[in-house]
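All remarks here apply to the structure that follows.
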Amino acid sequence: MKILVINGPNINMLGLREPDIYGKQDYNALLEICRKAGDEAGAEIECFQSNHEGSIVDKIQEAYGAFDGIVINPAAYTHTSVAILDALKAVQLPAVEIHISDVSSREDFRQISYAGLACIKTFMGLGLEGYRQAILYLAGHISGK
Ligand code: DQA
């Protein structure tokens with residue numbers, strides 16, 4: 001089973017970036033959490049991060065036929081990108097949305113998630129642990145548990 005983990009803009013700045021909201025662990029720590037969650041779930045994990053909307057759309061398209069599912073934190077593009085929503089719908093892979101912070105308790109402009117409309121579940125407000133839960137949930141869904 002192959003799961004693609006996609007992170008959007010500024011997730012590479014974890015640790016430095018607003019630590020009160022996103023925590024002190026850096027992007028390498030996130031990669032390690034995903035790798036371990038993959039071992040736990042019996043899934044092969046590939047992580048991809050980009051600050052560019054089109055690159056994320058390209059990566060989702062490339063996942064078709066190559067991955068069994070997608071875990072995605074589109075970051076700021078969550079709230080703006082119809083293109084990422086359309087790409088997720090196009091490839092029809094099971095997708096799980098993850099946010100480090102609890103976006104539901106933040107600014108009004110964060111209250112819409114376009115990508116979330118194409119996802120089977122959303123994890124938010126759990127910090128980096130949310131990635132582990134998202135990977136385990138998606139792996140369970142793919143294997144039909
Ligand atoms: C985020 C929440 C988004 O609103 C924000 O733009 C991000 C990160 C999160 O993981 O909590 O960049 O997706």
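The chains in the structure tokens are called A, B, ... from first to last as shown; in each chain the residues are counted from 1, and the ligands are counted from 1 in the order shown.
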Taking the chain letters and numbering used in this document, name the residues of region 3-139 of chain A that DSSP puts in strand (DSSP E or B), as a PyMOL selection string. chain A and resi 3-7+44-49+69-73+95-99+121-124
Could you take the residues named above and write them with C-alpha atoms, as an mmCIF file, in the first residue's frame?
data_model
loop_
_atom_site.group_PDB
_atom_site.id
_atom_site.type_symbol
_atom_site.label_atom_id
_atom_site.label_comp_id
_atom_site.auth_asym_id
_atom_site.auth_seq_id
_atom_site.Cartn_x
_atom_site.Cartn_y
_atom_site.Cartn_z
ATOM 1 C CA ILE A 3 0.288 6.658 0.660
ATOM 2 C CA LEU A 4 1.310 10.107 -0.540
ATOM 3 C CA VAL A 5 1.547 12.841 2.119
ATOM 4 C CA ILE A 6 1.261 16.326 0.617
ATOM 5 C CA ASN A 7 2.062 19.519 2.511
ATOM 6 C CA GLU A 44 4.908 2.913 2.128
ATOM 7 C CA ILE A 45 4.961 6.682 2.623
ATOM 8 C CA GLU A 46 6.171 9.385 0.270
ATOM 9 C CA CYS A 47 6.178 12.961 1.542
ATOM 10 C CA PHE A 48 5.963 15.974 -0.766
ATOM 11 C CA GLN A 49 5.988 19.657 0.164
ATOM 12 C CA GLY A 69 -4.421 7.278 -1.143
ATOM 13 C CA ILE A 70 -3.444 10.821 -0.206
ATOM 14 C CA VAL A 71 -3.025 12.603 3.124
ATOM 15 C CA ILE A 72 -3.058 16.331 2.465
ATOM 16 C CA ASN A 73 -2.446 19.519 4.402
ATOM 17 C CA ALA A 95 -7.923 11.459 0.600
ATOM 18 C CA VAL A 96 -7.709 12.578 4.228
ATOM 19 C CA GLU A 97 -7.306 16.244 5.193
ATOM 20 C CA ILE A 98 -5.028 17.231 8.057
ATOM 21 C CA HIS A 99 -4.393 20.542 9.809
ATOM 22 C CA LYS A 121 -12.153 12.700 6.837
ATOM 23 C CA THR A 122 -10.424 15.686 8.442
ATOM 24 C CA PHE A 123 -8.060 15.702 11.426
ATOM 25 C CA MET A 124 -7.289 19.088 12.991
#
Test item: residues at most 6 Å from Lys2 (chain A), only C-alpha atoms, excluding those fewer than 4 positions along its chain, as a PyMOL selection string: chain A and resi 43-44+67-68
Nearby residues (only C-alpha atoms) at most 7 Å from Val91 (chain A), same-chain spacing under 4 positions excluded, as a PyMOL selection string: chain A and resi 61+64+87
Can you list every residue of chain A that has an atom at most 6 Å from ligand 1, with its nearest atom pair and the distance in Å to one decimal, using only C-alpha atoms and all ligand atoms, ordered by chain then number, as a Markdown table?
| residue | atom | partner | partner_atom_place_in_ligand_line | distance |
| --- | --- | --- | --- | --- |
| A:Asn73 | CA | ligand 1 | 13 (O) | 5.5 |
| A:Pro74 | CA | ligand 1 | 13 (O) | 6.0 |
| A:Ala75 | CA | ligand 1 | 13 (O) | 3.3 |
| A:Ala76 | CA | ligand 1 | 6 (O) | 3.3 |
| A:His99 | CA | ligand 1 | 10 (O) | 3.4 |
| A:Ile100 | CA | ligand 1 | 10 (O) | 3.7 |
| A:Ser101 | CA | ligand 1 | 11 (O) | 3.6 |
| A:Val103 | CA | ligand 1 | 2 (C) | 5.8 |
| A:Arg110 | CA | ligand 1 | 4 (O) | 5.3 |
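Distances from A:Leu126, A:Leu93, A:Leu16, A:Cys119 to Glu62 (chain A) were compared using only C-alpha atoms, and the smallest one belongs to A:Leu93.
The spacing separating CA of Glu53 (chain A) from CA of Asn10 (chain A) amounts to 12.1 Å.
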